Amino acid sequence: MPQKSLARPHPARPDGPDTPHGETWPAAVWALLIGTFAVRAAGFVYPYLAYHLAARGVAAQRVTLILALFGAGWIAGQFMCGALADRIGRRATLAGAMATAAIAFPVLAQSHTVVSLAAASFVAGFVYDSPRPIVSAVIADTVPDEPTRATLAGWRHFATNLGAAATGAVGGVLAAPLGFPTLFLFNAAVCAAFAVIALKAVPPRARRPHAHAAPPSGSYRAAFGDIRLILLWLASVCAFVPVTALYSVLPLMMTEDHLPASAYGWSQAAGAAAVLILSPLMNGPLARRASGPSPMVGLLAAGAVVLGAGMGSAGLASTSTGYAAAVVLAVPGEIVVFVAAADVLNRISPAHARGLYAGVWGTTLATAVLLAPLLAGWCLATGGHLLVAGALMGCGLLGAAACLPLKTLTNHTLAQAT
């Protein structure tokens, strides 16, 4: 397992200059935060893909297959885009991925055959969340201090949730009059604009006078051999299953309780409102915690438990108010998990493999998206809502348990460094 100092000095960044603590955020970071919000706000492809396929007359079994291909592409895209960000540069990878999205989304919008829809769905999934590891790597390159990185992680989560709320609101209003293909085309146009922004705002890969002076790029073998990264991945997946349960488990339980679709909409709105209110309030304390010498493994464990308990309490609800309350109770844990996981990731990532490490970690959300409905289906068929409650709480506890050896390993590395 590679050993690396957690209290390291900050070396010169490969794709951009260091930013001393206390200065304003680099222009590239501002551009990427705005771009993150824009592509998520216009990210109609994923939430409306099932509706689009149904409108194309695709049979239900084939719809699930095509959706699974989208998820497989999502996972593959995180791995590949993270590795490419290290090998060919952040700017080239981000611009290339967004340009690919600008082509793949219209193909998905206009396709009619199952084969073409399946192929386009995989490619669309590959690039849909591709900015995640690249933006993480750029932030690590250009922002040297951990408190500012933690603040940025909080605001990235805020921007993502604000964008997701806008997607639901705008898509719900425009889907009927415009149709799903038009929404997909708009998604493609925003990705094309983000590709241009990436070319303008993200620093190019630094030129080096001698080929042998270039630092080695990370390898999958080395990344998967880092037990700290594997434990962080496991803890994050366990924490994110309750997060994605909002979109896969909650609708099923609310339907079984004979609640209307509008009740589910209100629960989503309550969760989004809680994120938008609590994120600015929690970002400051979390950033101050990041100024300490050790990564936020303990907070990651606590956030996983809060997430599991909050969403798990939905298994005990039967009314619209009860489900909305469960979603709101989970929000503090969600905010803490995203910020704490980003802090741990920044501290364990080698400078030459930041993109790869971010890409490996970026698969956690896609993995949770695939696992949550499988878990929900089994729980509902076997033990009903109470088993769902126990399973989601168990996920949170398992995520916290994975943090115990993670904390031991990170503390051991810190002790070696000092």
# chains A, B, ... in the order shown; residues from 1 in each chain; ligands from 1
$ residues_around --residues "Phe79 of chain A" --least-positions-apart "2" --cutoff "9 Å" --atoms "only C-alpha atoms" --output "ChimeraX atom specification"
/A:74-77,81-84,133,220,356-363
$ write_last_selection --atoms "N, CA and C atoms" --output "JSON list (two decimals), in the first residue's frame"
[["chain", "number", "residue", "atom", "x", "y", "z"],
["A", 74, "TRP", "N", -22.00, 5.14, -16.57],
["A", 74, "TRP", "CA", -21.69, 6.12, -15.52],
["A", 74, "TRP", "C", -20.46, 5.67, -14.72],
["A", 75, "ILE", "N", -20.46, 4.40, -14.30],
["A", 75, "ILE", "CA", -19.32, 3.88, -13.54],
["A", 75, "ILE", "C", -18.05, 3.89, -14.38],
["A", 76, "ALA", "N", -18.14, 3.39, -15.62],
["A", 76, "ALA", "CA", -16.97, 3.37, -16.49],
["A", 76, "ALA", "C", -16.43, 4.77, -16.75],
["A", 77, "GLY", "N", -17.34, 5.73, -16.91],
["A", 77, "GLY", "CA", -16.93, 7.10, -17.18],
["A", 77, "GLY", "C", -16.15, 7.72, -16.03],
["A", 81, "CYS", "N", -12.50, 8.87, -17.04],
["A", 81, "CYS", "CA", -12.28, 10.32, -17.05],
["A", 81, "CYS", "C", -11.30, 10.74, -15.95],
["A", 82, "GLY", "N", -11.36, 10.07, -14.80],
["A", 82, "GLY", "CA", -10.39, 10.37, -13.76],
["A", 82, "GLY", "C", -8.97, 10.03, -14.20],
["A", 83, "ALA", "N", -8.80, 8.85, -14.82],
["A", 83, "ALA", "CA", -7.46, 8.46, -15.28],
["A", 83, "ALA", "C", -6.98, 9.37, -16.40],
["A", 84, "LEU", "N", -7.87, 9.70, -17.34],
["A", 84, "LEU", "CA", -7.47, 10.56, -18.46],
["A", 84, "LEU", "C", -7.11, 11.96, -17.99],
["A", 133, "PRO", "N", -14.95, 13.86, -11.24],
["A", 133, "PRO", "CA", -13.55, 13.65, -10.86],
["A", 133, "PRO", "C", -12.61, 14.71, -11.40],
["A", 220, "TYR", "N", -4.25, 1.97, -12.12],
["A", 220, "TYR", "CA", -5.36, 1.34, -11.41],
["A", 220, "TYR", "C", -4.85, 0.36, -10.36],
["A", 356, "LEU", "N", -7.30, 10.08, -11.02],
["A", 356, "LEU", "CA", -7.63, 8.67, -10.91],
["A", 356, "LEU", "C", -8.32, 8.37, -9.59],
["A", 357, "TYR", "N", -7.77, 8.87, -8.49],
["A", 357, "TYR", "CA", -8.39, 8.65, -7.18],
["A", 357, "TYR", "C", -9.80, 9.25, -7.15],
["A", 358, "ALA", "N", -9.95, 10.45, -7.71],
["A", 358, "ALA", "CA", -11.28, 11.07, -7.74],
["A", 358, "ALA", "C", -12.23, 10.26, -8.61],
["A", 359, "GLY", "N", -11.71, 9.68, -9.68],
["A", 359, "GLY", "CA", -12.55, 8.86, -10.54],
["A", 359, "GLY", "C", -13.01, 7.58, -9.86],
["A", 360, "VAL", "N", -12.09, 6.93, -9.14],
["A", 360, "VAL", "CA", -12.48, 5.72, -8.40],
["A", 360, "VAL", "C", -13.54, 6.07, -7.36],
["A", 361, "TRP", "N", -13.30, 7.16, -6.62],
["A", 361, "TRP", "CA", -14.31, 7.55, -5.63],
["A", 361, "TRP", "C", -15.60, 8.00, -6.30],
["A", 362, "GLY", "N", -15.50, 8.59, -7.48],
["A", 362, "GLY", "CA", -16.70, 9.06, -8.18],
["A", 362, "GLY", "C", -17.65, 7.95, -8.56],
["A", 363, "THR", "N", -17.19, 6.71, -8.59],
["A", 363, "THR", "CA", -18.09, 5.60, -8.92],
["A", 363, "THR", "C", -19.02, 5.26, -7.77]]
$ residues_around --residues "Thr160 of chain A" --least-positions-apart "3" --cutoff "9 Å" --atoms "only C-alpha atoms" --output "ChimeraX atom specification"
/A:36-38,40-41,155-157,163-165
$ closest_residue --among "A:Ala239, A:Ala153, A:Ala342, A:Ala97" --to "Ala309 of chain A" --atoms "only C-alpha atoms"
A:Ala239
$ select_by_dssp --residues "segment 230-354 of chain A" --states "alpha helix (DSSP H)" --output "number ranges by chain"
A: 230-256, 261-290, 297-312, 320-348, 354
$ closest_residue --among "A:Ala27, A:Leu199, A:Met80, A:Val388" --to "Thr142 of chain A" --atoms "only C-alpha atoms"
A:Ala27
$ closest_atom_pairs --of "segment 248-324 of chain A" --to "segment 227-232 of chain A" --cutoff "12 Å" --atoms "only C-alpha atoms" --output "tab-separated table"
residue	atom	partner	partner_atom	distance
A:Pro295	CA	A:Leu232	CA	11.5
A:Met296	CA	A:Leu232	CA	11.3
A:Val297	CA	A:Leu232	CA	8.9
A:Gly298	CA	A:Leu232	CA	11.9
A:Leu300	CA	A:Leu232	CA	9.3
A:Ala301	CA	A:Leu232	CA	10.4
A:Ala304	CA	A:Leu232	CA	11.8
$ write_last_selection --atoms "all heavy atoms" --output "PDB file, in the first residue's frame"
ATOM      1  N   PRO A 295      -7.578  13.965   8.630  1.00  0.00           N
ATOM      2  CA  PRO A 295      -8.774  14.013   7.773  1.00  0.00           C
ATOM      3  C   PRO A 295     -10.048  13.761   8.567  1.00  0.00           C
ATOM      4  O   PRO A 295     -10.019  13.226   9.678  1.00  0.00           O
ATOM      5  CB  PRO A 295      -8.515  12.896   6.754  1.00  0.00           C
ATOM      6  CG  PRO A 295      -7.570  11.970   7.428  1.00  0.00           C
ATOM      7  CD  PRO A 295      -6.709  12.818   8.307  1.00  0.00           C
ATOM      8  N   MET A 296     -11.178  14.107   7.981  1.00  0.00           N
ATOM      9  CA  MET A 296     -12.456  14.069   8.688  1.00  0.00           C
ATOM     10  C   MET A 296     -13.104  12.687   8.626  1.00  0.00           C
ATOM     11  O   MET A 296     -14.263  12.531   8.231  1.00  0.00           O
ATOM     12  CB  MET A 296     -13.394  15.132   8.111  1.00  0.00           C
ATOM     13  CG  MET A 296     -12.953  16.546   8.396  1.00  0.00           C
ATOM     14  SD  MET A 296     -14.226  17.793   8.029  1.00  0.00           S
ATOM     15  CE  MET A 296     -14.011  17.990   6.267  1.00  0.00           C
ATOM     16  N   VAL A 297     -12.364  11.668   9.043  1.00  0.00           N
ATOM     17  CA  VAL A 297     -12.900  10.312   9.008  1.00  0.00           C
ATOM     18  C   VAL A 297     -14.015  10.140  10.035  1.00  0.00           C
ATOM     19  O   VAL A 297     -15.040   9.499   9.762  1.00  0.00           O
ATOM     20  CB  VAL A 297     -11.785   9.283   9.245  1.00  0.00           C
ATOM     21  CG1 VAL A 297     -12.342   7.868   9.197  1.00  0.00           C
ATOM     22  CG2 VAL A 297     -10.674   9.442   8.208  1.00  0.00           C
ATOM     23  N   GLY A 298     -13.829  10.700  11.226  1.00  0.00           N
ATOM     24  CA  GLY A 298     -14.857  10.606  12.250  1.00  0.00           C
ATOM     25  C   GLY A 298     -16.162  11.245  11.820  1.00  0.00           C
ATOM     26  O   GLY A 298     -17.251  10.686  12.053  1.00  0.00           O
ATOM     27  N   LEU A 300     -17.104  11.629   8.734  1.00  0.00           N
ATOM     28  CA  LEU A 300     -17.658  10.772   7.688  1.00  0.00           C
ATOM     29  C   LEU A 300     -18.485   9.648   8.301  1.00  0.00           C
ATOM     30  O   LEU A 300     -19.594   9.349   7.835  1.00  0.00           O
ATOM     31  CB  LEU A 300     -16.521  10.199   6.842  1.00  0.00           C
ATOM     32  CG  LEU A 300     -16.911   9.204   5.743  1.00  0.00           C
ATOM     33  CD1 LEU A 300     -17.851   9.844   4.730  1.00  0.00           C
ATOM     34  CD2 LEU A 300     -15.658   8.675   5.040  1.00  0.00           C
ATOM     35  N   ALA A 301     -17.974   9.032   9.362  1.00  0.00           N
ATOM     36  CA  ALA A 301     -18.708   7.968  10.048  1.00  0.00           C
ATOM     37  C   ALA A 301     -20.013   8.496  10.640  1.00  0.00           C
ATOM     38  O   ALA A 301     -21.077   7.876  10.501  1.00  0.00           O
ATOM     39  CB  ALA A 301     -17.841   7.351  11.137  1.00  0.00           C
ATOM     40  N   ALA A 304     -22.583   9.137   7.935  1.00  0.00           N
ATOM     41  CA  ALA A 304     -23.178   7.908   7.420  1.00  0.00           C
ATOM     42  C   ALA A 304     -24.274   7.406   8.345  1.00  0.00           C
ATOM     43  O   ALA A 304     -25.341   6.954   7.897  1.00  0.00           O
ATOM     44  CB  ALA A 304     -22.096   6.844   7.244  1.00  0.00           C
TER      45      ALA A 304
END
$ residues_around --residues "Leu152 of chain A" --least-positions-apart "6" --cutoff "10 Å" --atoms "only C-alpha atoms" --output "number ranges by chain"
A: 25, 29-30, 33, 136, 139, 143, 146, 158, 283, 287, 339, 342
$ atom_distance --atom1 "atom CA of Val275 of chain A" --atom2 "atom CA of Val327 of chain A"
10.3 Å
$ atom_distance --atom1 "atom CA of Ala119 of chain A" --atom2 "atom CA of Leu67 of chain A"
11.0 Å
$ residues_around --residues "segment 99-101 of chain A" --least-positions-apart "5" --cutoff "10 Å" --atoms "only C-alpha atoms" --output "number ranges by chain"
A: 93-94, 106-107, 123-128, 130, 187-196
$ closest_residue --among "A:Ala72, A:Leu371, A:Ala302, A:Val337" --to "Ala118 of chain A" --atoms "only C-alpha atoms"
A:Ala72
$ atom_distance --atom1 "atom CA of Ala59 of chain A" --atom2 "atom CA of Leu370 of chain A"
20.0 Å
$ residues_around --residues "Ala92 of chain A" --least-positions-apart "3" --cutoff "10 Å" --atoms "only C-alpha atoms" --output "list in words"
Leu84, Ala85, Arg87, Ile88, Gly89, Ala95, Gly96, Ala97, Ala195, Ala198, Leu199, Val202, Pro203, Pro204 and Arg205 of chain A
$ write_last_selection --atoms "N, CA and C atoms" --output "compact mmCIF listing (two decimals), in the first residue's frame"
# COMPACT_ATOMS: atom_id res chain seq x y z
N LEU A 84 -7.87 9.70 -17.34
CA LEU A 84 -7.47 10.56 -18.46
C LEU A 84 -7.11 11.96 -17.99
N ALA A 85 -7.77 12.43 -16.93
CA ALA A 85 -7.44 13.76 -16.40
C ALA A 85 -5.99 13.82 -15.94
N ARG A 87 -3.58 11.75 -17.27
CA ARG A 87 -2.70 11.40 -18.38
C ARG A 87 -2.63 12.48 -19.46
N ILE A 88 -3.77 13.03 -19.84
CA ILE A 88 -3.77 14.00 -20.94
C ILE A 88 -4.11 15.41 -20.47
N GLY A 89 -4.48 15.56 -19.19
CA GLY A 89 -4.74 16.89 -18.65
C GLY A 89 -6.21 17.10 -18.33
N ALA A 95 -13.18 19.04 -21.59
CA ALA A 95 -13.73 19.54 -22.86
C ALA A 95 -14.14 18.38 -23.76
N GLY A 96 -13.32 17.34 -23.81
CA GLY A 96 -13.65 16.19 -24.65
C GLY A 96 -14.90 15.46 -24.16
N ALA A 97 -15.03 15.30 -22.85
CA ALA A 97 -16.21 14.61 -22.31
C ALA A 97 -17.48 15.41 -22.57
N ALA A 195 -18.07 22.74 -22.47
CA ALA A 195 -16.82 22.36 -23.15
C ALA A 195 -16.03 23.59 -23.55
N ALA A 198 -14.55 25.16 -20.46
CA ALA A 198 -13.39 24.40 -20.00
C ALA A 198 -12.14 24.77 -20.79
N LEU A 199 -12.29 24.93 -22.10
CA LEU A 199 -11.14 25.30 -22.93
C LEU A 199 -10.61 26.69 -22.59
N VAL A 202 -9.94 26.49 -17.81
CA VAL A 202 -9.07 25.53 -17.13
C VAL A 202 -7.65 25.65 -17.66
N PRO A 203 -6.66 25.75 -16.79
CA PRO A 203 -5.27 25.87 -17.27
C PRO A 203 -4.87 24.65 -18.09
N PRO A 204 -4.05 24.85 -19.13
CA PRO A 204 -3.59 23.70 -19.93
C PRO A 204 -2.61 22.87 -19.12
N ARG A 205 -2.39 21.68 -19.61
CA ARG A 205 -1.39 20.81 -18.98
C ARG A 205 -0.02 21.48 -19.09
$ closest_residue --among "A:His385, A:Arg149, A:His112, A:His52" --to "Leu252 of chain A" --atoms "only C-alpha atoms"
A:His385
$ closest_residue --among "A:Leu386, A:Ala368, A:Leu250, A:Ala400" --to "Leu299 of chain A" --atoms "only C-alpha atoms"
A:Ala400
